Every structure is written in structure tokens, then in C-alpha cells.
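S.K.: Below is the file protein_34.cif, with mmCIF, C-alpha atoms (C1' of nucleotides).
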data_target
loop_
_atom_site.label_atom_id
_atom_site.label_comp_id
_atom_site.auth_asym_id
_atom_site.auth_seq_id
_atom_site.Cartn_x
_atom_site.Cartn_y
_atom_site.Cartn_z
CA MET A 581 23.72 37.22 -5.68
CA LYS A 582 24.48 33.95 -4.02
CA TYR A 583 20.79 33.48 -3.50
CA ASN A 584 20.00 33.93 -7.15
CA LYS A 585 22.77 31.62 -8.18
CA ASN A 586 21.44 28.86 -5.96
CA ARG A 587 18.00 29.38 -7.34
CA LYS A 588 19.37 29.04 -10.84
CA ASN A 589 21.34 25.96 -10.00
CA ARG A 590 18.38 24.31 -8.42
CA GLU A 591 16.40 24.96 -11.53
CA LYS A 592 19.16 23.59 -13.72
CA LEU A 593 19.32 20.43 -11.68
CA ALA A 594 15.58 19.98 -11.90
CA ILE A 595 15.63 20.47 -15.66
CA SER A 596 18.44 18.02 -16.17
CA GLN A 597 16.63 15.41 -14.10
CA ILE A 598 13.51 15.74 -16.21
CA GLN A 599 15.49 15.48 -19.39
CA SER A 600 17.55 12.58 -18.15
CA ALA A 601 14.26 10.72 -17.80
CA GLY A 602 13.56 11.41 -21.46
CA MET A 603 10.59 13.58 -20.60
CA ARG A 604 9.59 16.87 -22.09
CA LEU A 605 10.05 19.92 -20.01
CA THR A 606 6.74 21.31 -18.83
CA PRO A 607 5.86 23.80 -16.10
CA GLN A 608 4.19 21.08 -14.03
CA ARG A 609 7.18 18.78 -14.19
CA LEU A 610 9.55 21.59 -13.43
CA ALA A 611 7.58 22.57 -10.35
CA LEU A 612 7.61 19.00 -9.14
CA ALA A 613 11.24 18.36 -9.95
CA LYS A 614 12.37 21.50 -8.17
CA ARG A 615 10.62 20.40 -5.02
CA LEU A 616 11.87 16.86 -5.29
CA PHE A 617 15.42 17.14 -6.46
CA SER A 618 16.81 20.41 -5.29
CA GLY A 619 16.90 20.36 -1.55
CA PRO A 620 17.18 17.83 1.22
CA ASP A 621 16.00 14.29 0.55
CA ARG A 622 12.32 13.70 1.08
CA HIS A 623 9.84 10.95 1.80
CA ILE A 624 6.58 12.11 0.42
CA THR A 625 3.23 11.00 -0.97
CA ALA A 626 1.49 12.18 -4.12
CA GLU A 627 -1.23 13.89 -2.13
CA GLU A 628 1.27 15.73 0.04
CA LEU A 629 3.11 17.02 -2.99
CA HIS A 630 -0.11 18.02 -4.64
CA SER A 631 -1.29 20.10 -1.72
CA GLU A 632 2.16 21.61 -1.36
CA LEU A 633 1.98 22.81 -4.93
CA LYS A 634 -1.55 24.04 -4.52
CA TYR A 635 -0.44 26.04 -1.54
CA ALA A 636 2.34 27.53 -3.68
CA ASP A 637 -0.25 28.48 -6.31
CA VAL A 638 1.07 26.04 -8.86
CA ARG A 639 -1.80 24.73 -10.92
CA ILE A 640 -1.39 21.01 -11.36
CA SER A 641 -3.82 18.15 -11.26
CA LEU A 642 -3.45 15.22 -8.92
CA ALA A 643 -3.36 12.89 -11.92
CA THR A 644 -0.30 14.68 -13.22
CA VAL A 645 1.42 14.39 -9.86
CA TYR A 646 0.84 10.63 -9.88
CA ASN A 647 1.85 10.37 -13.48
CA THR A 648 5.05 12.28 -13.01
CA LEU A 649 6.03 10.50 -9.82
CA ASN A 650 5.57 7.17 -11.57
CA ARG A 651 7.62 8.22 -14.54
CA PHE A 652 10.38 9.60 -12.34
CA THR A 653 10.34 6.32 -10.45
CA ASN A 654 10.60 4.25 -13.63
CA ALA A 655 13.47 6.41 -14.73
CA GLY A 656 15.25 5.69 -11.45
CA LEU A 657 15.04 9.24 -10.13
CA LEU A 658 12.81 8.23 -7.25
CA ARG A 659 12.26 5.10 -5.25
CA GLU A 660 8.81 4.00 -4.19
CA PHE A 661 8.33 2.38 -0.81
CA PHE A 662 5.46 1.03 1.19
CA VAL A 663 4.67 1.37 4.83
CA ASP A 664 1.00 1.17 5.03
CA SER A 665 -1.58 -0.24 2.78
CA ASN A 666 -3.21 2.95 1.72
CA GLN A 667 -0.54 5.09 0.26
CA SER A 668 2.72 4.96 -1.59
CA TYR A 669 5.69 6.96 -0.45
CA PHE A 670 8.33 8.25 -2.80
CA ASP A 671 11.90 8.63 -1.66
CA THR A 672 14.12 11.15 -3.40
CA ASN A 673 17.21 9.34 -2.21
CA THR A 674 17.86 6.54 -4.67
CA GLU A 675 21.20 5.56 -3.18
CA PRO A 676 21.13 2.34 -1.17
CA HIS A 677 20.11 3.25 2.35
CA HIS A 678 17.64 2.30 5.03
CA HIS A 679 14.94 3.97 7.06
CA PHE A 680 14.15 4.97 10.56
CA PHE A 681 10.46 5.47 11.12
CA TYR A 682 9.40 7.71 13.99
CA GLU A 683 6.17 6.14 15.11
CA GLU A 684 4.83 9.15 16.99
CA LEU A 685 5.53 11.52 14.12
CA GLY A 686 4.79 9.23 11.23
CA LYS A 687 8.01 10.49 9.63
CA PHE A 688 10.96 8.79 7.96
CA VAL A 689 14.63 9.52 8.28
CA ASP A 690 17.38 7.97 6.21
CA VAL A 691 19.89 5.61 7.70
CA PRO A 692 23.07 5.79 5.65
CA ILE A 693 24.06 2.39 4.33
CA ASN A 694 27.29 2.40 6.29
CA ASN A 695 25.55 2.92 9.61
CA LEU A 696 24.28 -0.59 9.41
CA ASN A 697 26.15 -3.79 8.87
CA ILE A 698 24.06 -6.67 7.62
CA GLU A 699 25.69 -10.03 7.63
CA PHE A 700 24.15 -13.11 6.07
CA LEU A 701 24.95 -16.05 8.31
CA THR A 702 23.63 -18.46 5.72
CA SER A 703 23.65 -17.85 2.00
CA PRO A 704 20.53 -16.97 0.07
CA PRO A 705 18.58 -19.83 -1.52
CA LYS A 706 20.26 -21.74 -4.36
CA GLY A 707 19.76 -20.27 -7.80
CA THR A 708 18.86 -16.83 -6.53
CA GLN A 709 20.67 -13.57 -6.29
CA VAL A 710 20.05 -10.74 -3.85
CA ASP A 711 18.70 -7.71 -5.68
CA SER A 712 18.16 -5.41 -2.76
CA VAL A 713 18.09 -5.33 1.00
CA GLU A 714 15.76 -2.94 2.68
CA VAL A 715 15.82 -2.32 6.41
CA PHE A 716 13.07 -0.54 8.19
CA ILE A 717 13.65 0.41 11.81
CA LYS A 718 10.74 1.56 13.91
CA LEU A 719 11.64 4.05 16.62
CA SER A 720 9.64 5.48 19.46
CA LYS A 721 10.44 7.95 22.22
CA VAL A 722 12.33 6.33 25.06
CA ASP A 723 9.93 5.20 27.70
CA SER A 724 11.62 6.10 30.98
CA SER A 725 8.96 4.21 32.92
CA ASN A 726 10.25 1.08 31.27
CA LYS A 727 12.23 -0.28 34.22
CA LYS A 728 12.41 -4.00 34.11
CA MET B 323 -5.96 -42.68 13.82
CA LYS B 324 -2.92 -40.47 13.70
CA TYR B 325 -4.62 -38.50 10.96
CA ASN B 326 -7.68 -37.89 13.06
CA LYS B 327 -5.60 -36.89 16.02
CA ASN B 328 -3.77 -34.29 13.98
CA ARG B 329 -7.03 -32.99 12.72
CA LYS B 330 -8.30 -32.66 16.26
CA ASN B 331 -5.13 -30.98 17.43
CA ARG B 332 -5.25 -28.50 14.64
CA GLU B 333 -8.78 -27.66 15.57
CA LYS B 334 -7.86 -27.28 19.22
CA LEU B 335 -5.05 -24.92 18.36
CA ALA B 336 -7.33 -22.84 16.19
CA ILE B 337 -9.94 -22.64 18.92
CA SER B 338 -7.45 -21.64 21.56
CA GLN B 339 -6.09 -18.90 19.31
CA ILE B 340 -9.54 -17.44 18.81
CA GLN B 341 -10.26 -17.52 22.50
CA SER B 342 -6.88 -16.09 23.41
CA ALA B 343 -7.89 -13.08 21.37
CA GLY B 344 -11.00 -12.74 23.51
CA MET B 345 -13.24 -13.47 20.56
CA ARG B 346 -16.29 -15.67 20.45
CA LEU B 347 -15.98 -18.93 18.66
CA THR B 348 -17.90 -18.92 15.41
CA PRO B 349 -17.78 -21.19 12.36
CA GLN B 350 -16.28 -18.43 10.23
CA ARG B 351 -13.52 -17.68 12.68
CA LEU B 352 -12.78 -21.33 13.15
CA ALA B 353 -12.46 -21.87 9.42
CA LEU B 354 -10.09 -18.94 9.16
CA ALA B 355 -8.06 -19.84 12.23
CA LYS B 356 -7.58 -23.41 11.07
CA ARG B 357 -6.15 -22.22 7.79
CA LEU B 358 -4.00 -19.60 9.43
CA PHE B 359 -2.68 -21.23 12.55
CA SER B 360 -2.49 -24.94 11.99
CA GLY B 361 0.01 -25.61 9.29
CA PRO B 362 3.09 -23.97 7.88
CA ASP B 363 3.48 -20.23 8.25
CA ARG B 364 1.78 -18.16 5.59
CA HIS B 365 1.93 -14.77 3.92
CA ILE B 366 -1.50 -14.08 2.64
CA THR B 367 -3.99 -11.38 1.68
CA ALA B 368 -7.63 -11.12 2.70
CA GLU B 369 -8.79 -11.77 -0.85
CA GLU B 370 -6.64 -14.87 -1.17
CA LEU B 371 -8.03 -16.29 2.05
CA HIS B 372 -11.53 -15.45 1.00
CA SER B 373 -11.29 -17.28 -2.30
CA GLU B 374 -9.58 -20.20 -0.62
CA LEU B 375 -12.54 -20.53 1.72
CA LYS B 376 -15.00 -20.13 -1.08
CA TYR B 377 -13.27 -22.91 -2.94
CA ALA B 378 -13.58 -25.07 0.18
CA ASP B 379 -17.30 -24.32 0.31
CA VAL B 380 -17.05 -22.31 3.48
CA ARG B 381 -19.59 -19.55 3.38
CA ILE B 382 -17.99 -16.34 4.64
CA SER B 383 -18.16 -12.78 3.50
CA LEU B 384 -15.13 -10.78 2.53
CA ALA B 385 -16.00 -8.25 5.22
CA THR B 386 -15.71 -10.93 7.84
CA VAL B 387 -12.36 -12.03 6.52
CA TYR B 388 -11.07 -8.48 6.82
CA ASN B 389 -12.65 -8.05 10.19
CA THR B 390 -11.20 -11.23 11.57
CA LEU B 391 -7.74 -10.65 10.16
CA ASN B 392 -7.69 -7.22 11.74
CA ARG B 393 -8.81 -8.52 15.09
CA PHE B 394 -6.27 -11.33 15.01
CA THR B 395 -3.63 -8.77 14.15
CA ASN B 396 -4.61 -6.51 17.03
CA ALA B 397 -4.50 -9.48 19.33
CA GLY B 398 -0.95 -10.20 18.19
CA LEU B 399 -1.81 -13.47 16.45
CA LEU B 400 -0.85 -12.10 13.05
CA ARG B 401 1.48 -9.47 11.75
CA GLU B 402 0.50 -7.16 8.94
CA PHE B 403 3.12 -6.12 6.41
CA PHE B 404 3.21 -3.99 3.33
CA VAL B 405 4.91 -4.54 0.03
CA ASP B 406 2.81 -2.82 -2.46
CA SER B 407 0.38 -0.03 -2.21
CA ASN B 408 -2.74 -1.94 -3.02
CA GLN B 409 -2.95 -4.75 -0.60
CA SER B 410 -2.05 -5.78 2.92
CA TYR B 411 -0.33 -9.03 3.62
CA PHE B 412 -0.77 -10.92 6.84
CA ASP B 413 2.01 -13.04 8.22
CA THR B 414 1.15 -15.93 10.51
CA ASN B 415 4.64 -15.91 11.94
CA THR B 416 4.69 -13.32 14.69
CA GLU B 417 8.16 -14.21 15.93
CA PRO B 418 10.86 -11.71 14.96
CA HIS B 419 12.08 -12.67 11.51
CA HIS B 420 12.69 -11.21 8.10
CA HIS B 421 11.58 -11.83 4.53
CA PHE B 422 12.91 -12.98 1.25
CA PHE B 423 10.76 -11.88 -1.64
CA TYR B 424 10.95 -13.87 -4.86
CA GLU B 425 10.37 -11.24 -7.49
CA GLU B 426 9.40 -13.63 -10.28
CA LEU B 427 6.93 -15.52 -8.12
CA GLY B 428 5.63 -12.67 -6.01
CA LYS B 429 6.04 -14.91 -2.99
CA PHE B 430 7.55 -14.45 0.46
CA VAL B 431 9.71 -16.80 2.45
CA ASP B 432 10.78 -16.28 6.03
CA VAL B 433 14.35 -15.59 6.96
CA PRO B 434 14.91 -16.83 10.49
CA ILE B 435 16.19 -14.10 12.75
CA ASN B 436 19.46 -15.90 13.35
CA ASN B 437 20.27 -16.13 9.66
CA LEU B 438 20.90 -12.44 9.63
CA ASN B 439 23.15 -10.39 11.82
CA ILE B 440 22.32 -6.72 11.92
CA GLU B 441 24.87 -4.51 13.56
CA PHE B 442 24.27 -0.84 14.28
CA LEU B 443 27.51 1.00 13.65
CA THR B 444 26.09 4.16 15.14
CA SER B 445 23.44 4.29 17.81
CA PRO B 446 19.86 5.26 17.09
CA PRO B 447 18.93 8.93 17.51
CA LYS B 448 19.00 10.36 21.05
CA GLY B 449 15.85 9.91 23.01
CA THR B 450 14.54 7.08 20.89
CA GLN B 451 14.37 3.35 21.28
CA VAL B 452 14.29 0.72 18.58
CA ASP B 453 10.93 -1.01 18.53
CA SER B 454 11.44 -3.31 15.60
CA VAL B 455 13.79 -4.01 12.75
CA GLU B 456 12.35 -5.37 9.58
CA VAL B 457 14.50 -6.58 6.72
CA PHE B 458 13.15 -7.23 3.30
CA ILE B 459 15.43 -8.97 0.80
CA LYS B 460 14.48 -9.06 -2.84
CA LEU B 461 15.68 -12.13 -4.72
CA SER B 462 15.61 -13.01 -8.37
CA LYS B 463 16.78 -16.01 -10.33
CA VAL B 464 20.50 -15.94 -10.95
CA ASP B 465 21.19 -14.37 -14.27
CA SER B 466 23.96 -16.46 -15.82
CA SER B 467 24.34 -13.96 -18.67
CA ASN B 468 25.45 -11.47 -16.07
CA LYS B 469 29.15 -11.51 -16.85
CA LYS B 470 30.72 -8.22 -16.08
"C1'" DA C 236 -36.23 -19.01 26.97
"C1'" DA C 237 -35.98 -13.89 27.27
"C1'" DA C 238 -32.82 -10.42 27.20
"C1'" DT C 239 -28.26 -8.84 26.25
"C1'" DT C 240 -24.42 -8.64 23.73
"C1'" DG C 241 -21.38 -10.02 19.90
"C1'" DT C 242 -21.01 -11.45 15.00
"C1'" DT C 243 -21.99 -11.79 10.16
"C1'" DT C 244 -23.60 -10.01 6.07
"C1'" DA C 245 -24.84 -7.48 1.69
"C1'" DG C 246 -24.35 -3.59 -0.08
"C1'" DA C 247 -23.02 1.20 0.21
"C1'" DA C 248 -19.26 4.36 1.18
"C1'" DT C 249 -14.48 5.72 1.09
"C1'" DC C 250 -10.11 6.68 -0.55
"C1'" DA C 251 -5.81 6.13 -3.19
"C1'" DT C 252 -4.73 5.38 -7.64
"C1'" DT C 253 -5.36 4.70 -12.63
"C1'" DC C 254 -7.88 5.33 -16.82
"C1'" DT C 255 -10.19 7.93 -20.57
"C1'" DA C 256 -10.72 10.96 -23.99
"C1'" DA C 257 -10.75 15.69 -25.05
"C1'" DA C 258 -8.07 19.93 -24.95
"C1'" DT C 259 -3.77 21.93 -24.89
"C1'" DG C 260 1.15 22.31 -25.25
"C1'" DT C 261 5.71 21.15 -27.36
"C1'" DA C 262 8.59 19.62 -31.07
"C1'" DT C 263 9.56 18.80 -35.90
"C1'" DT C 264 9.57 19.42 -40.68
"C1'" DG C 265 9.43 21.38 -44.79
"C1'" DC D 515 6.76 29.97 -39.06
"C1'" DA D 516 2.70 27.31 -40.39
"C1'" DA D 517 1.34 22.72 -40.54
"C1'" DT D 518 1.63 18.37 -38.76
"C1'" DA D 519 2.85 14.98 -35.42
"C1'" DC D 520 3.33 13.74 -31.03
"C1'" DA D 521 3.36 14.28 -25.85
"C1'" DT D 522 1.19 16.12 -21.81
"C1'" DT D 523 -2.38 17.75 -18.88
"C1'" DT D 524 -6.80 17.62 -17.15
"C1'" DA D 525 -11.52 16.73 -15.21
"C1'" DG D 526 -14.06 13.38 -14.23
"C1'" DA D 527 -15.13 8.51 -14.44
"C1'" DA D 528 -13.57 3.92 -13.26
"C1'" DT D 529 -11.25 0.63 -10.32
"C1'" DG D 530 -10.17 -2.00 -6.49
"C1'" DA D 531 -8.91 -2.72 -1.66
"C1'" DT D 532 -10.76 -1.81 2.56
"C1'" DT D 533 -14.13 -0.03 5.92
"C1'" DC D 534 -18.70 1.24 7.31
"C1'" DT D 535 -23.72 0.61 8.17
"C1'" DA D 536 -27.53 -1.23 9.86
"C1'" DA D 537 -30.28 -5.26 9.77
"C1'" DA D 538 -30.46 -10.26 10.56
"C1'" DC D 539 -28.54 -13.78 13.16
"C1'" DA D 540 -25.96 -16.38 16.77
"C1'" DA D 541 -23.92 -16.94 21.31
"C1'" DT D 542 -24.13 -16.00 26.21
"C1'" DT D 543 -26.16 -14.68 30.45
"C1'" DT D 544 -29.97 -14.16 33.57
#
Rewrite the structure from the file as C-alpha cells, please.

M.R.:
Amino acid sequence: MKYNKNRKNREKLAISQIQSAGMRLTPQRLALAKRLFSGPDRHITAEELHSELKYADVRISLATVYNTLNRFTNAGLLREFFVDSNQSYFDTNTEPHHHFFYEELGKFVDVPINNLNIEFLTSPPKGTQVDSVEVFIKLSKVDSSNKK
Amino acid sequence: MKYNKNRKNREKLAISQIQSAGMRLTPQRLALAKRLFSGPDRHITAEELHSELKYADVRISLATVYNTLNRFTNAGLLREFFVDSNQSYFDTNTEPHHHFFYEELGKFVDVPINNLNIEFLTSPPKGTQVDSVEVFIKLSKVDSSNKK
DNA sequence: AAATTGTTTAGAATCATTCTAAATGTATTG
DNA sequence: CAATACATTTAGAATGATTCTAAACAATTT
């Protein structure tokens, strides 16, 4: 019962996200939206999503994954971010927040905005306004041999 | 006189940087190192450097530019950073610092580390240590029509 | 200066991403 | 609900940044 209701709700959410982007509802978009928007926040690449869908027997071309991710991003449903030169990551959390990056795992974890206090000690250059502040914190396992 | 001395000093600095990376001194590397290390700090791509050198009639292949930038980076003489998915930027300033990005110009400007105070309100995850903190601040021209 | 080792190069290879144009699906209208 | 218009998907080609390859060349060592 509860299970089915959640399933339904997740689908509803996915559908409303697609429509809020002014996009037609298609099976491919629904499959993507369900994986992106109904569940915990994710940091994922187009290729990762594509192989996830393939594994789940959803027929979708890589071009459509790229296409859809870009349109979701333009509609403000995703945020694109860059950590290495050869692929784009998409973040399902579009609220202002920052990132921990676990170097050994190559994985990202959100840092809620209120876990970090960023204070400008001098004001930004004349004639400019701050549009966004992105903080990227690299973490590694504590090195216990690191006795100074 | 003074001009020639500066020229010499710049060359000396470039040479010592190459040698500090354990690399042989070659004309190509010297040309690159002079442009990278003797002058104001830069944020530049391999292609940009390559065409700059071409313009200055320095014969060097793009492969060598990439090669050299990567080796300088591994030696800690440069820092690589990522802002869009299709090219790598190299920063000649390897001191800890942050970046302003001028959206209209597509250009970067350093934010000295002591212009920004970053306070962790909760500690990083158990068992991890913070290796680096990178802040990226997007700026745009003030929009005077922005009356709320 | 011969031999060893490192560097540069042109061009090919790679890989993420975008483009193209044809086929298919969805919506709209009478 | 058929006909038309319009949007989407797709396979495969194209693109563009970067890396690889292997041959020519330069620097260093003996």
C-alpha cells in the first residue's frame, strides 16, 4: 500500500518536473526524471545515467540523455558543475550549497549552505555583483602517519 | 639597462622553474616558461598559449604545449582548474587563493586568500581531512534595472 | 664523438559531447 | 478521429580538446 503510494508520488513528481520545464512527457524523459528527481540528491554524469537506464532495460539513446539533461539544466531543474576536464556532472540539488569531494572515492557530497560561513573581507570589484559562490572542498582519509 | 636586466631576470626565473621540475632546458620549454612564470599571474588554456606563441613566431606544437603544461602542473609549478567541460585552465598562481569569474568577459581574477574568510560551522566528516578549499565567485555587471 | 636518454613533432587515436536528418511520437484542429 | 503540425528520439557522423605513437631530433654522458 504505502509502497505503491510512494511509487505513484515519485512518478507524479517526475511528471510535474518535466512539465514545469515546458517539455512534452515521453517515456525516456519520465525514466530520467524519476531517477533524477525522486530520491536522494545525486551528482551524476550523462554516461552514468545512460548505463543505469540500460541496466534497467530502459531503451534510450545517449544523445537523448544529453539532450534531456541540458534541457533540465536550462529549465533550472539541474545544475551543471565541473571537476575535471573530460566530463560534466549534473547536480539534482539546485538549492545553494557546496561540495565535499572524496578524493579516494571520486564522489561528491553536499555541504548545506549553513554549514559554511563565507565572509568577504573586502567588497567585490566596483560595478559588479556576486551571482554565485561555489565552494569545493577536497577531502581525503585522515593520514595517521602525518605527525609533524 | 634596467630593461635588459629585467629581461635577463625573467629568463633566469623561467630557467630555474624548468630545472626545478627536473626537466631539460629546451627552447620550447623556455618560451613557455617565460610567458607563464615571468609576469603577472595568468589563467590560460593550452590553445591560448599555443596561439600566443605562434603569433610570436615561436615554433612549437600543440602537443608540446599540453605536455609541458601537464609536467609543470605535476611539478607543482601550475595549478589546473576546471570551469567548463571542454577545456582545462592552468593557473600560474599556485598559492592558496580563490577566483572571481567575470561572466561577461569569460575571464578570471584572483581573490587573495585573506580577502575571504571561510568558517566551517560543522566539522568535516569523521575520518577525513580537508586537503583544499576552492571558492569560485561568479560576478556580473551590476544591473541597475534590478529594483525589487 | 658515440651512445644513451629525453624531447618534439605530425598525425592518428580517443573520448565526451553535439549535430544531422530521418523516423517516430505527441498534440491540435477541424 | 483523421489529418496536419510540431516535438522528440535515434543512429551515426561530426566536432573539438586532449592524449598517444613512433620517428626524427636534441641534450647529456661516457

S.K.: Dump as an MDAnalysis selection string the residues of chain A that approach chain C to within 8 Å, counting only C-alpha atoms (C1' of nucleotides).

M.R.: chainID A and resid 604 646 666:667

S.K.: For the structure shown, which residues end up in the PyMOL selection byres ((chain A) within 8 of (chain D))? Put them as a list in words, please?

M.R.: Arg604, Ser641, Ala643 and Thr644 of chain A

S.K.: Specify as JSON, numbers by chain all residues of chain A found within 7 Å of chain B, counting all atoms listed in the file.

M.R.: {"A": [662, 663, 664, 665, 666, 667, 668, 695, 696, 697, 698, 699, 700, 701, 702, 707, 708, 709, 710, 711, 712, 713, 714, 715, 716, 717, 718, 719, 720, 721, 722]}

S.K.: Can you give me, as a list in words, the residues this file yields under the PyMOL selection byres ((chain A and resi 674) around 10)?

M.R.: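 Checked against the file, the PyMOL selection byres ((chain A and resi 674) around 10) matches Asp621, Thr653, Gly656, Leu657, Leu658, Arg659, Glu660, Phe670, Asp671, Thr672, Asn673, Glu675, Pro676 and His677 of chain A.
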
S.K.: Between CA of Phe430 (chain B) and CA of His365 (chain B), what is the distance, to one decimal in Å?

M.R.: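 Rounded to one decimal, the two atoms are 6.6 Å apart.
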
S.K.: Considering all atoms listed in the file, state which residue in the set B:Arg381, B:Phe394, B:Val387, B:Leu347 is at the smallest distance from Phe359 (chain B).

M.R.: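 When distances to Phe359 (chain B) are compared using all atoms listed in the file, the smallest one comes from B:Phe394.
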
S.K.: Could you please determine the separation between CA of Asn328 (chain B) and CA of Ser373 (chain B) in Å, to one decimal place?

M.R.: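 If I compute the distance from CA of Asn328 (chain B) to CA of Ser373 (chain B), I get 24.7 Å.
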
S.K.: Have a look at CA of Glu374 (chain B) and CA of Ile435 (chain B) and let me know their distance in Å, one decimal.

M.R.: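 Between CA of Glu374 (chain B) and CA of Ile435 (chain B) the gap is 29.7 Å.
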